[in-house]
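Text of input-v2.txt (compact mmCIF, C-alpha atoms and all ligand atoms) as supplied:
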# COMPACT_ATOMS: atom_id res chain seq x y z
CA MET A 1 -72.16 -121.87 -66.19
CA GLU A 2 -73.71 -121.58 -69.65
CA GLN A 3 -71.82 -123.94 -71.93
CA SER A 4 -71.70 -121.62 -74.98
CA ILE A 5 -70.31 -118.67 -73.01
CA LYS A 6 -67.83 -120.90 -71.25
CA GLY A 7 -66.53 -121.95 -74.67
CA GLU A 8 -66.21 -118.31 -75.77
CA TYR A 9 -64.58 -117.38 -72.49
CA ILE A 10 -61.84 -119.95 -73.05
CA LYS A 11 -61.22 -118.67 -76.58
CA ILE A 12 -61.21 -115.01 -75.53
CA GLU A 13 -58.83 -115.80 -72.70
CA LYS A 14 -56.49 -117.42 -75.25
CA ALA A 15 -56.75 -114.40 -77.58
CA VAL A 16 -56.05 -111.98 -74.71
CA GLY A 17 -53.01 -114.05 -73.67
CA PHE A 18 -51.83 -114.06 -77.31
CA SER A 19 -52.04 -110.22 -77.45
CA LEU A 20 -50.49 -109.75 -74.03
CA LYS A 21 -47.42 -111.77 -75.01
CA ARG A 22 -46.94 -109.55 -78.06
CA ILE A 23 -47.51 -106.31 -76.14
CA ARG A 24 -44.77 -107.42 -73.72
CA LYS A 25 -42.46 -108.14 -76.66
CA GLY A 26 -42.98 -104.50 -77.74
CA TYR A 27 -44.82 -105.26 -81.03
CA SER A 28 -46.78 -102.39 -82.59
CA LYS A 29 -50.55 -102.32 -82.23
CA GLU A 30 -50.96 -102.79 -86.01
CA ARG A 31 -48.82 -105.91 -86.00
CA ILE A 32 -50.65 -107.38 -83.00
CA LEU A 33 -54.05 -106.72 -84.58
CA ARG A 34 -52.88 -108.35 -87.85
CA GLU A 35 -51.63 -111.46 -86.06
CA LEU A 36 -54.68 -111.51 -83.79
CA ARG A 37 -57.03 -111.57 -86.80
CA LYS A 38 -55.36 -114.75 -88.04
CA PHE A 39 -55.30 -116.26 -84.54
CA ASN A 40 -59.00 -115.51 -83.99
CA LYS A 41 -59.85 -117.08 -87.34
CA LYS A 42 -58.17 -120.26 -86.19
CA LEU A 43 -60.06 -120.05 -82.89
CA LYS A 44 -63.31 -119.29 -84.79
CA LEU A 45 -63.77 -116.17 -82.67
CA LYS A 46 -64.85 -114.03 -85.61
CA GLY A 47 -68.22 -112.27 -85.49
CA LYS A 48 -68.55 -112.46 -81.71
CA ILE A 49 -69.31 -109.47 -79.46
CA LEU A 50 -65.66 -108.54 -78.91
CA ASN A 51 -63.57 -107.73 -81.98
CA GLU A 52 -59.75 -107.70 -82.27
CA GLU A 53 -59.52 -104.05 -81.14
CA ASP A 54 -61.50 -104.93 -78.00
CA ILE A 55 -59.29 -107.90 -77.25
CA PHE A 56 -56.18 -105.78 -77.71
CA GLU A 57 -57.66 -103.17 -75.32
CA ILE A 58 -58.45 -105.86 -72.74
CA ALA A 59 -54.88 -107.18 -72.95
CA ARG A 60 -53.42 -103.70 -72.52
CA ASN A 61 -55.73 -103.01 -69.57
CA ARG A 62 -54.62 -106.18 -67.80
CA ILE A 63 -51.22 -104.56 -67.41
CA ARG A 64 -52.78 -101.28 -66.21
CA ALA A 65 -55.19 -103.05 -63.85
CA LYS A 66 -52.37 -104.52 -61.76
CA GLU A 67 -52.14 -101.52 -59.48
CA LYS A 68 -55.86 -101.56 -58.66
CA PHE A 69 -56.59 -105.29 -58.81
CA GLY A 70 -53.27 -106.87 -57.81
CA GLU A 71 -53.07 -110.60 -58.60
CA PHE A 72 -56.68 -110.65 -59.92
CA ALA A 73 -55.69 -108.37 -62.82
CA ALA A 74 -54.12 -111.34 -64.63
CA LYS A 75 -57.50 -112.98 -65.14
CA LEU A 76 -59.92 -110.05 -65.38
CA PHE A 77 -61.32 -108.22 -68.43
CA PHE A 78 -61.63 -104.44 -68.77
CA ASP A 79 -62.37 -101.92 -71.45
CA GLU A 80 -60.78 -98.49 -70.93
CA ASP A 81 -63.69 -96.77 -69.11
CA GLY A 82 -64.68 -100.00 -67.42
CA LEU A 83 -61.29 -100.10 -65.71
CA ARG A 84 -61.33 -96.41 -64.78
CA TYR A 85 -64.70 -96.66 -63.05
CA SER A 86 -64.35 -100.18 -61.63
CA THR A 87 -64.56 -100.67 -57.88
CA PRO A 88 -61.31 -101.85 -56.24
CA PRO A 89 -61.68 -105.38 -54.79
CA SER A 90 -61.32 -104.45 -51.10
CA VAL A 91 -63.97 -101.72 -51.41
CA ALA A 92 -66.27 -104.00 -53.44
CA GLU A 93 -65.93 -106.71 -50.80
CA TYR A 94 -66.73 -104.29 -47.99
CA ARG A 95 -69.79 -102.91 -49.84
CA ALA A 96 -71.06 -106.40 -50.66
CA LYS A 97 -70.73 -107.48 -47.03
CA ARG A 98 -72.60 -104.43 -45.80
CA LEU A 99 -75.37 -105.03 -48.37
CA LYS A 100 -75.48 -108.82 -47.93
CA THR A 101 -79.01 -110.03 -48.61
CA ASN A 102 -81.07 -112.70 -50.37
CA SER A 103 -81.23 -110.93 -53.71
CA ILE A 104 -79.50 -107.82 -54.95
CA ALA A 105 -79.69 -106.01 -58.30
CA ASP A 106 -76.78 -103.87 -59.48
CA VAL A 107 -78.60 -101.76 -62.07
CA SER A 108 -75.53 -100.12 -63.66
CA CYS A 109 -73.02 -102.93 -63.23
CA GLY A 110 -70.36 -101.89 -65.77
CA VAL A 111 -67.68 -104.58 -66.15
CA GLY A 112 -68.96 -106.15 -62.94
CA SER A 113 -66.14 -105.49 -60.44
CA GLN A 114 -68.73 -104.81 -57.73
CA LEU A 115 -71.21 -107.39 -59.01
CA VAL A 116 -68.68 -110.21 -58.58
CA TYR A 117 -68.63 -109.47 -54.84
CA PHE A 118 -72.42 -109.12 -54.63
CA ALA A 119 -72.61 -112.58 -56.19
CA LYS A 120 -70.11 -113.88 -53.64
CA GLU A 121 -71.89 -112.45 -50.59
CA SER A 122 -75.61 -112.53 -51.44
CA GLU A 123 -77.76 -115.53 -52.32
CA LYS A 124 -78.69 -114.11 -55.72
CA ALA A 125 -77.27 -111.22 -57.76
CA VAL A 126 -78.45 -109.63 -61.00
CA GLY A 127 -76.61 -107.02 -63.06
CA VAL A 128 -78.12 -104.58 -65.56
CA GLU A 129 -75.89 -102.82 -68.07
CA LEU A 130 -76.78 -100.51 -70.95
CA ASP A 131 -73.63 -101.16 -72.96
CA ARG A 132 -73.76 -104.56 -74.66
CA LYS A 133 -69.98 -105.05 -74.77
CA ARG A 134 -69.52 -104.09 -71.15
CA ALA A 135 -72.34 -106.44 -70.10
CA TYR A 136 -70.53 -109.22 -71.93
CA ILE A 137 -67.26 -108.31 -70.21
CA ALA A 138 -69.09 -108.49 -66.87
CA LYS A 139 -70.10 -112.07 -67.74
CA LEU A 140 -66.48 -112.91 -68.50
CA ASN A 141 -65.40 -111.42 -65.16
CA LEU A 142 -67.97 -113.45 -63.27
CA MET A 143 -66.59 -116.57 -64.91
CA ALA A 144 -63.01 -115.57 -64.24
CA MET A 145 -63.83 -115.19 -60.53
CA GLY A 146 -65.97 -118.36 -60.38
CA GLU A 147 -69.16 -116.44 -59.48
CA ASP A 148 -72.64 -116.62 -60.86
CA ALA A 149 -75.08 -113.78 -61.61
CA GLU A 150 -77.60 -113.02 -64.30
CA ILE A 151 -76.71 -110.07 -66.56
CA ILE A 152 -79.46 -108.20 -68.35
CA VAL A 153 -78.57 -105.84 -71.20
CA GLY A 154 -80.67 -102.68 -71.39
CA ASP A 155 -81.72 -99.38 -69.84
CA ALA A 156 -82.23 -99.90 -66.11
CA LEU A 157 -84.88 -97.18 -66.13
CA SER A 158 -87.06 -98.84 -68.76
CA GLU A 159 -90.26 -100.63 -67.74
CA GLU A 160 -89.16 -103.65 -69.73
CA ILE A 161 -86.10 -104.11 -67.49
CA ILE A 162 -87.76 -103.11 -64.21
CA LYS A 163 -90.39 -105.81 -64.58
CA GLN A 164 -87.61 -108.42 -64.82
CA ILE A 165 -86.07 -107.32 -61.50
CA ASP A 166 -87.11 -108.91 -58.25
CA ALA A 167 -84.60 -107.85 -55.62
CA GLU A 168 -84.52 -106.96 -51.93
CA ILE A 169 -81.78 -104.38 -52.50
CA VAL A 170 -81.19 -102.23 -55.57
CA PHE A 171 -77.73 -100.74 -56.01
CA SER A 172 -76.44 -98.32 -58.61
CA ASP A 173 -72.97 -96.99 -59.29
CA PRO A 174 -73.82 -94.52 -62.07
CA SER A 175 -71.51 -93.26 -64.81
CA ARG A 176 -70.09 -89.81 -64.35
CA PRO A 177 -68.56 -87.59 -67.02
CA PRO A 178 -64.74 -87.92 -66.90
CA GLN A 179 -64.26 -84.17 -66.50
CA GLU A 180 -66.47 -81.86 -64.53
CA GLU A 181 -65.46 -78.61 -62.83
CA VAL A 182 -67.72 -79.23 -59.87
CA ARG A 183 -69.12 -82.69 -59.23
CA SER A 184 -72.91 -82.89 -58.95
CA LEU A 185 -75.67 -85.49 -59.15
CA GLU A 186 -77.14 -83.95 -62.26
CA ASN A 187 -74.91 -85.58 -64.84
CA LEU A 188 -74.94 -89.08 -63.42
CA GLU A 189 -76.32 -91.92 -65.55
CA PRO A 190 -78.67 -93.43 -64.57
CA PRO A 191 -79.70 -90.41 -62.44
CA PRO A 192 -80.07 -91.56 -58.78
CA GLU A 193 -83.36 -89.70 -58.31
CA LYS A 194 -84.85 -91.57 -61.27
CA VAL A 195 -83.57 -94.90 -59.92
CA ILE A 196 -85.38 -94.15 -56.64
CA GLU A 197 -88.54 -93.07 -58.46
CA ARG A 198 -88.66 -96.18 -60.67
CA TYR A 199 -87.42 -98.83 -58.24
CA SER A 200 -89.21 -97.80 -55.06
CA LYS A 201 -92.20 -99.88 -56.19
CA ILE A 202 -89.90 -102.93 -55.89
CA THR A 203 -87.98 -102.06 -52.73
CA SER A 204 -87.17 -99.16 -50.41
CA LYS A 205 -83.68 -100.57 -49.82
CA ILE A 206 -81.71 -98.65 -52.41
CA ALA A 207 -78.03 -97.72 -52.29
CA PHE A 208 -75.72 -95.71 -54.55
CA GLU A 209 -72.10 -95.05 -55.23
CA LEU A 210 -71.67 -91.30 -55.76
CA PRO A 211 -68.68 -89.11 -56.73
CA PRO A 212 -66.65 -88.87 -53.47
CA GLN A 213 -65.76 -85.23 -54.16
CA LEU A 214 -69.34 -84.29 -53.22
CA PRO A 215 -69.67 -82.85 -49.71
CA PRO A 216 -72.71 -84.11 -47.73
CA GLU A 217 -74.62 -80.84 -48.09
CA ARG A 218 -74.62 -81.16 -51.88
CA ILE A 219 -76.43 -84.51 -51.82
CA PRO A 220 -80.16 -83.80 -51.96
CA ILE A 221 -81.20 -87.40 -51.25
CA GLU A 222 -81.80 -88.53 -47.66
CA GLY A 223 -79.82 -91.42 -46.28
CA GLU A 224 -76.47 -92.35 -44.78
CA LYS A 225 -73.55 -90.83 -46.63
CA GLU A 226 -70.58 -93.10 -46.12
CA TYR A 227 -67.18 -91.77 -47.23
CA THR A 228 -64.77 -94.61 -47.89
CA SER A 229 -61.03 -94.34 -47.48
CA LEU A 230 -58.73 -96.83 -49.16
CA ASN A 231 -55.19 -96.83 -47.81
CA PHE A 232 -55.55 -93.31 -46.35
CA ARG A 233 -57.09 -91.81 -49.49
CA LEU A 234 -60.67 -90.79 -50.15
CA ASN A 235 -61.87 -93.43 -52.61
CA ARG A 236 -65.66 -93.72 -52.64
CA LEU A 237 -68.89 -92.33 -51.32
CA ALA A 238 -71.87 -94.59 -50.77
CA LEU A 239 -75.41 -93.43 -50.09
CA TYR A 240 -77.63 -95.88 -48.23
CA CYS A 241 -81.34 -94.99 -48.37
CA ASN A 242 -84.17 -95.74 -45.95
CA GLU A 243 -83.68 -98.93 -43.82
CA LEU A 244 -80.15 -99.37 -45.20
CA ALA A 245 -79.00 -96.21 -43.38
CA GLU A 246 -77.45 -96.68 -39.93
CA CYS A 247 -76.80 -92.99 -39.25
CA GLU A 248 -76.59 -89.77 -41.24
CA LEU A 249 -72.87 -89.56 -41.93
CA SER A 250 -70.05 -92.03 -41.64
CA ALA A 251 -66.50 -92.71 -42.76
CA VAL A 252 -64.87 -96.10 -43.05
CA SER A 253 -61.19 -96.86 -43.48
CA ILE A 254 -60.24 -99.88 -45.57
CA PRO A 255 -58.52 -102.29 -44.91
CA SER A 256 -58.76 -101.72 -41.14
CA MET A 257 -62.59 -101.20 -41.25
CA GLU A 258 -62.35 -98.50 -38.60
CA ARG A 259 -65.53 -96.43 -38.64
CA VAL A 260 -66.50 -92.95 -37.47
CA THR A 261 -70.09 -91.70 -37.46
CA ASN A 262 -71.89 -88.43 -36.75
CA GLU A 263 -73.37 -90.07 -33.66
CA ILE A 264 -70.08 -90.11 -31.75
CA GLU A 265 -69.70 -87.28 -29.23
CA ARG A 266 -67.78 -84.38 -30.72
CA ILE A 267 -64.58 -82.68 -29.53
CA GLN A 268 -63.86 -79.43 -31.35
CA PRO A 269 -60.22 -78.78 -32.28
CA VAL A 270 -58.89 -75.61 -30.60
CA SER A 271 -56.23 -72.86 -31.13
CA ASP A 272 -53.04 -73.30 -33.12
CA GLY A 273 -50.02 -74.32 -31.05
CA ILE A 274 -47.34 -76.74 -32.27
CA LYS A 275 -46.85 -79.46 -29.65
CA ASP A 276 -44.84 -82.74 -29.53
CA PHE A 277 -46.83 -84.63 -32.14
CA LEU A 278 -48.42 -83.78 -35.48
CA HIS A 279 -51.50 -85.69 -36.62
CA GLU A 280 -52.22 -85.83 -40.34
CA VAL A 281 -55.92 -86.49 -40.81
CA ASP A 282 -57.20 -88.66 -43.67
CA PHE A 283 -59.00 -86.25 -46.04
CA THR A 284 -61.95 -88.66 -46.05
CA ILE A 285 -62.80 -87.45 -42.54
CA ILE A 286 -62.53 -83.81 -43.56
CA LYS A 287 -64.72 -84.33 -46.64
CA ALA A 288 -67.34 -86.06 -44.49
CA GLY A 289 -67.24 -83.21 -41.93
CA LEU A 290 -66.48 -85.77 -39.21
CA LEU A 291 -63.30 -84.28 -37.69
CA PRO A 292 -64.88 -83.42 -34.28
CA ASN A 293 -66.43 -86.92 -34.14
CA LEU A 294 -63.07 -88.53 -34.88
CA LEU A 295 -61.46 -86.46 -32.11
CA GLY A 296 -64.34 -87.48 -29.81
CA LYS A 297 -63.80 -91.13 -30.64
CA LEU A 298 -60.06 -90.84 -29.92
CA ASP A 299 -60.60 -88.51 -26.95
CA LEU A 300 -57.93 -86.38 -28.59
CA HIS A 301 -57.72 -82.73 -27.62
CA ALA A 302 -55.71 -81.30 -30.48
CA ASP A 303 -55.03 -77.98 -32.15
CA ILE A 304 -55.36 -77.38 -35.88
CA VAL A 305 -51.94 -76.19 -37.04
CA ILE A 306 -52.39 -76.48 -40.81
CA ASP A 307 -55.56 -76.41 -42.88
CA ASP A 308 -54.70 -75.47 -46.44
CA GLY A 309 -57.73 -76.96 -48.15
CA LYS A 310 -55.71 -80.04 -49.14
CA ARG A 311 -54.58 -81.34 -45.78
CA VAL A 312 -55.45 -80.84 -42.16
CA ILE A 313 -52.65 -81.26 -39.64
CA LEU A 314 -53.37 -81.26 -35.93
CA SER A 315 -50.97 -81.14 -33.01
CA SER A 316 -51.10 -82.44 -29.44
CA ASN A 317 -48.88 -83.90 -26.73
CA THR A 318 -50.23 -87.44 -27.12
CA ARG A 319 -50.12 -90.04 -29.84
CA SER A 320 -53.34 -91.02 -31.54
CA SER A 321 -54.50 -94.54 -32.28
CA SER A 322 -56.49 -94.40 -35.46
CA ASN A 323 -56.19 -95.54 -39.05
CA PHE A 324 -57.63 -92.16 -40.04
CA VAL A 325 -54.58 -90.42 -38.57
CA LYS A 326 -50.85 -90.54 -39.33
CA ASP A 327 -48.73 -89.46 -36.38
CA TYR A 328 -45.42 -87.61 -36.63
CA PHE A 329 -42.97 -86.63 -33.90
CA VAL A 330 -41.95 -82.97 -34.12
CA GLU A 331 -38.14 -82.84 -34.32
CA GLU A 332 -37.64 -79.12 -34.98
CA VAL A 333 -39.54 -75.92 -35.64
CA CYS A 334 -37.60 -73.13 -37.36
CA ASN A 335 -37.98 -70.29 -39.83
CA PHE A 336 -38.88 -71.33 -43.34
CA SER A 337 -35.50 -70.50 -44.85
CA PHE A 338 -33.61 -72.98 -47.05
CA SER A 339 -30.32 -72.60 -45.21
CA GLU A 340 -31.87 -72.86 -41.74
CA ILE A 341 -33.89 -75.96 -42.70
CA ASN A 342 -30.86 -77.54 -44.37
CA ASP A 343 -28.74 -76.94 -41.21
CA LYS A 344 -31.39 -78.50 -38.97
CA LEU A 345 -31.70 -81.50 -41.30
CA LYS A 346 -27.95 -82.08 -41.13
CA LYS A 347 -28.03 -81.95 -37.33
CA LEU A 348 -30.91 -84.44 -37.33
CA ARG A 349 -28.85 -86.81 -39.51
CA ALA A 350 -31.45 -86.69 -42.28
CA GLY A 351 -30.84 -88.27 -45.69
CA LYS A 352 -34.15 -87.56 -47.38
CA ILE A 353 -37.07 -85.22 -46.84
CA THR A 354 -40.64 -85.44 -48.09
CA LEU A 355 -42.35 -82.09 -48.60
CA ARG A 356 -45.82 -81.99 -47.07
CA PHE A 357 -47.00 -78.55 -48.10
CA SER A 358 -48.63 -77.14 -51.21
CA LEU A 359 -46.32 -76.09 -53.99
CA PRO A 360 -46.63 -76.35 -57.79
CA PRO A 361 -45.80 -79.95 -58.81
CA SER A 362 -43.21 -78.62 -61.30
CA ASP A 363 -41.27 -77.03 -58.38
CA TYR A 364 -41.36 -80.06 -56.07
CA TRP A 365 -38.06 -81.70 -57.09
CA GLU A 366 -36.16 -78.43 -57.42
CA VAL A 367 -37.14 -77.41 -53.86
CA ARG A 368 -36.51 -80.90 -52.49
CA THR A 369 -33.09 -81.21 -54.12
CA LYS A 370 -32.09 -77.81 -52.69
CA LEU A 371 -33.23 -78.78 -49.19
CA GLU A 372 -31.51 -82.17 -49.40
CA SER A 373 -28.16 -80.81 -50.60
CA GLY A 374 -25.26 -82.15 -48.53
CA LEU A 375 -27.42 -84.51 -46.44
CA GLU A 376 -25.57 -87.71 -45.55
CA GLY A 377 -27.68 -89.20 -42.78
CA GLU A 378 -30.07 -92.15 -42.72
CA GLU A 379 -33.28 -90.56 -41.45
CA TRP A 380 -36.24 -89.92 -43.76
CA LEU A 381 -37.97 -86.81 -42.40
CA TYR A 382 -41.05 -84.76 -43.36
CA LEU A 383 -41.29 -81.03 -43.81
CA PHE A 384 -44.50 -79.09 -43.10
CA LYS A 385 -45.04 -75.38 -43.54
CA LYS A 386 -47.12 -73.23 -41.25
CA GLU A 387 -47.11 -69.64 -42.47
CA GLU A 388 -43.43 -68.57 -42.10
CA LYS A 389 -42.47 -71.56 -39.94
CA ALA A 390 -41.00 -74.90 -41.01
CA ILE A 391 -41.88 -78.01 -39.00
CA ILE A 392 -39.50 -80.93 -39.40
CA ALA A 393 -41.08 -84.18 -38.25
CA ARG A 394 -40.55 -87.95 -38.21
CA LEU A 395 -43.35 -90.29 -39.30
CA LEU A 396 -44.24 -92.77 -36.55
CA ASP A 397 -45.45 -96.33 -37.26
C1 LIG B 401 -69.43 -96.43 -63.02
S1 LIG B 401 -69.88 -97.73 -64.09
C2 LIG B 401 -70.16 -99.05 -62.96
C3 LIG B 401 -68.90 -99.66 -62.43
C4 LIG B 401 -69.15 -100.91 -61.60
N1 LIG B 401 -69.78 -100.60 -60.34
C5 LIG B 401 -67.85 -101.66 -61.31
O1 LIG B 401 -67.45 -101.75 -60.15
O2 LIG B 401 -67.26 -102.18 -62.27
C6 LIG B 401 -71.47 -97.26 -64.57
C7 LIG B 401 -72.11 -98.10 -65.68
O3 LIG B 401 -73.49 -97.72 -65.78
C8 LIG B 401 -73.91 -97.95 -67.12
N2 LIG B 401 -75.17 -97.23 -67.32
C9 LIG B 401 -75.37 -95.89 -67.48
N3 LIG B 401 -76.68 -95.62 -67.62
C10 LIG B 401 -77.33 -96.81 -67.52
C11 LIG B 401 -78.71 -97.19 -67.59
N4 LIG B 401 -79.66 -96.28 -67.78
N5 LIG B 401 -79.00 -98.50 -67.45
C12 LIG B 401 -78.03 -99.43 -67.25
N6 LIG B 401 -76.72 -99.13 -67.20
C13 LIG B 401 -76.38 -97.84 -67.33
C14 LIG B 401 -72.73 -97.45 -67.94
O4 LIG B 401 -72.73 -98.01 -69.23
C15 LIG B 401 -71.53 -97.90 -67.08
O5 LIG B 401 -70.99 -99.09 -67.55
Will you turn the file into structure tokens for me?
Ligand SMILES: C[S@@+](CC[C@H](N)C(=O)[O-])C[C@H]1O[C@@H](n2cnc3c(N)ncnc32)[C@H](O)[C@@H]1O
Amino acid sequence: MEQSIKGEYIKIEKAVGFSLKRIRKGYSKERILRELRKFNKKLKLKGKILNEEDIFEIARNRIRAKEKFGEFAAKLFFDEDGLRYSTPPSVAEYRAKRLKTNSIADVSCGVGSQLVYFAKESEKAVGVELDRKRAYIAKLNLMAMGEDAEIIVGDALSEEIIKQIDAEIVFSDPSRPPQEEVRSLENLEPPPEKVIERYSKITSKIAFELPPQLPPERIPIEGEKEYTSLNFRLNRLALYCNELAECELSAVSIPSMERVTNEIERIQPVSDGIKDFLHEVDFTIIKAGLLPNLLGKLDLHADIVIDDGKRVILSSNTRSSSNFVKDYFVEEVCNFSFSEINDKLKKLRAGKITLRFSLPPSDYWEVRTKLESGLEGEEWLYLFKKEEKAIIARLLD
């Protein structure tokens, strides 16, 4: 660990702790910044890369990072965008294990959430980052996690940087604009096609993190498209080029690591009958276009009962055994009328009901309260809607 940075790291950590204490006490931002200026003067932190505003932002983001980073949040450093686009630890660990090698370069490393895991898994890791502050934050994060990697500040597409990189695998998780009607590759920075063009003289093993909203057919680069689910939600999309690809399309579920690929024999879902069980399919599988392969893997002959663009619900007479599927037992099917549903819920000794159909978010609690009126039971049930029918179901473990 470089001695000078280690010294700064200790001081910055103290300044972040100082701000965090005051944020928790409910002090105003102005007051915290005023006190922080004096504190930093004492620490001789003035004139360094991070100013008081940055330190305040890092402290505030430690609180926000808890959901994504759990216990690690208390020692990590994030600017606002750095946190938004950072890779969650379990996904970063999975990616680093899959790309384990002698030397890896993360050429758009941001605050380094992924780079920390590359450094852990591979012999040697290098990060490149255009933004000077963020590159510095990445260094702090490496220290916080006890990992070592070189960080180079600059444009990953420039000759000057490329000639400093000697890596077996090149990885890039490019920036994307926060708002975009339809996700595409065009607005990513650095653009993946340019990364391939510039880095293929160093290695053919190149991988990307792309916006997961992109369906496979809208990715014009060849390679394995791997849709990643974190806790039953579509979280990431990786593209592995050339030798890094193991198939054309895949989906992986974290933390179980269950995997489905396009090479598994397909079973097509059939008509539309409601049977004993409902199967809610992780949207990751739908996005990847791997539903028939998942059914093939599970040998599940199921009917599609709901496909409203947001969720796909299947039905069959057997339970499934997959982390990509949540199973429900069908308790009742009736007309979609408030009084009829409420009657059935009372008979089923329900206390609460989760609505699993599309309705405007502003209406959710009004509808739910109406359906739950007079319920005194213990059961927590789920309500699905298929055209004019209501399906009341119980979630199975
Ligand atoms: C999505 S973030 C990376 C997040 C990172 N994987 C993580 O887990 O924390 C993308 C980063 O790429 C950087 N970037 C954009 N264009 C770049 C370029 N041409 N060279 C180097 N870095 C670049 C941005 O500044 C941003 O910090």
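A distance cut-off of 7 Å from ligand LIG 401 (chain B), applied to only C-alpha atoms and all ligand atoms, picks out the residues A:Gly82, A:Tyr85, A:Ser86, A:Thr87, A:Val107, A:Ser108, A:Cys109, A:Gly110, A:Val111, A:Gly112, A:Ser113, A:Gln114, A:Leu115, A:Val128, A:Glu129, A:Leu130, A:Asp131, A:Arg134, A:Gly154, A:Asp155, A:Ala156, A:Leu157, A:Asp173, A:Pro174, A:Ser175, A:Arg176, A:Glu189, A:Pro190.
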d(atom CA of Gln268 of chain A, atom CA of Ser315 of chain A) in Å
13.1 Å
Near-Phe277 of chain A list (12 Å; all atoms listed in the file; drop same-chain fewer than 6 positions) as a ChimeraX atom specification
/A:300-305,313-320,325-333,391-396
Just-selected residues, C-alpha atoms written as a PDB file, in the frame of the given file:
ATOM      1  CA  LEU A 300     -57.930 -86.380 -28.590  1.00  0.00           C
ATOM      2  CA  HIS A 301     -57.720 -82.730 -27.620  1.00  0.00           C
ATOM      3  CA  ALA A 302     -55.710 -81.300 -30.480  1.00  0.00           C
ATOM      4  CA  ASP A 303     -55.030 -77.980 -32.150  1.00  0.00           C
ATOM      5  CA  ILE A 304     -55.360 -77.380 -35.880  1.00  0.00           C
ATOM      6  CA  VAL A 305     -51.940 -76.190 -37.040  1.00  0.00           C
ATOM      7  CA  ILE A 313     -52.650 -81.260 -39.640  1.00  0.00           C
ATOM      8  CA  LEU A 314     -53.370 -81.260 -35.930  1.00  0.00           C
ATOM      9  CA  SER A 315     -50.970 -81.140 -33.010  1.00  0.00           C
ATOM     10  CA  SER A 316     -51.100 -82.440 -29.440  1.00  0.00           C
ATOM     11  CA  ASN A 317     -48.880 -83.900 -26.730  1.00  0.00           C
ATOM     12  CA  THR A 318     -50.230 -87.440 -27.120  1.00  0.00           C
ATOM     13  CA  ARG A 319     -50.120 -90.040 -29.840  1.00  0.00           C
ATOM     14  CA  SER A 320     -53.340 -91.020 -31.540  1.00  0.00           C
ATOM     15  CA  VAL A 325     -54.580 -90.420 -38.570  1.00  0.00           C
ATOM     16  CA  LYS A 326     -50.850 -90.540 -39.330  1.00  0.00           C
ATOM     17  CA  ASP A 327     -48.730 -89.460 -36.380  1.00  0.00           C
ATOM     18  CA  TYR A 328     -45.420 -87.610 -36.630  1.00  0.00           C
ATOM     19  CA  PHE A 329     -42.970 -86.630 -33.900  1.00  0.00           C
ATOM     20  CA  VAL A 330     -41.950 -82.970 -34.120  1.00  0.00           C
ATOM     21  CA  GLU A 331     -38.140 -82.840 -34.320  1.00  0.00           C
ATOM     22  CA  GLU A 332     -37.640 -79.120 -34.980  1.00  0.00           C
ATOM     23  CA  VAL A 333     -39.540 -75.920 -35.640  1.00  0.00           C
ATOM     24  CA  ILE A 391     -41.880 -78.010 -39.000  1.00  0.00           C
ATOM     25  CA  ILE A 392     -39.500 -80.930 -39.400  1.00  0.00           C
ATOM     26  CA  ALA A 393     -41.080 -84.180 -38.250  1.00  0.00           C
ATOM     27  CA  ARG A 394     -40.550 -87.950 -38.210  1.00  0.00           C
ATOM     28  CA  LEU A 395     -43.350 -90.290 -39.300  1.00  0.00           C
ATOM     29  CA  LEU A 396     -44.240 -92.770 -36.550  1.00  0.00           C
TER      30      LEU A 396
END
Which of these, A:Ile5, A:Ile23, A:Ile274, A:Leu355, has the shortest distance to Lys139 of chain A once you count all atoms listed in the file?
A:Ile5
Which residues are near segment 211-221 of chain A? Cut-off 8 Å, all atoms listed in the file, ignore same chain within fewer than 5 positions. Put them as a PyMOL selection string.
chain A and resi 176+183-185+193+227+234-237+249+287-288
Kindly give the distance, in Å, that separates atom CA of Lys75 of chain A and atom CA of Glu8 of chain A, rounded to a single decimal.
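These two atoms are separated by 14.7 Å.
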For segment 117-121 of chain A, list every protein, DNA or RNA residue within 9 Å, evaluated using all atoms listed in the file, and leave out those in the same chain fewer than 2 positions away; present the list as a list in words.
Pro89, Ala92, Glu93, Tyr94, Arg95, Ala96, Lys97, Leu99, Lys100, Thr101, Ile104, Ala105, Asp106, Gly112, Ser113, Gln114, Leu115, Glu123, Lys124, Ala125, Val126, Leu142, Glu147, Asp148 and Ala149 of chain A
For a test of reading the model, state the distance in Å between atom CA of Phe39 of chain A and atom CA of Ala65 of chain A, rounded to one decimal.
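Atom CA of Phe39 of chain A sits 24.5 Å away from atom CA of Ala65 of chain A.
Taking all atoms listed in the file into account, Asp307 of chain A lies nearest to A:Val281 out of the set A:Ala390, A:Met257, A:Val281, A:Leu20.
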Residues around (-53.4, -104.2, -71.6), cut-off 12 Å, counting only C-alpha atoms - what are they as a ChimeraX atom specification?
/A:16-24,29,53-66,73-80,83
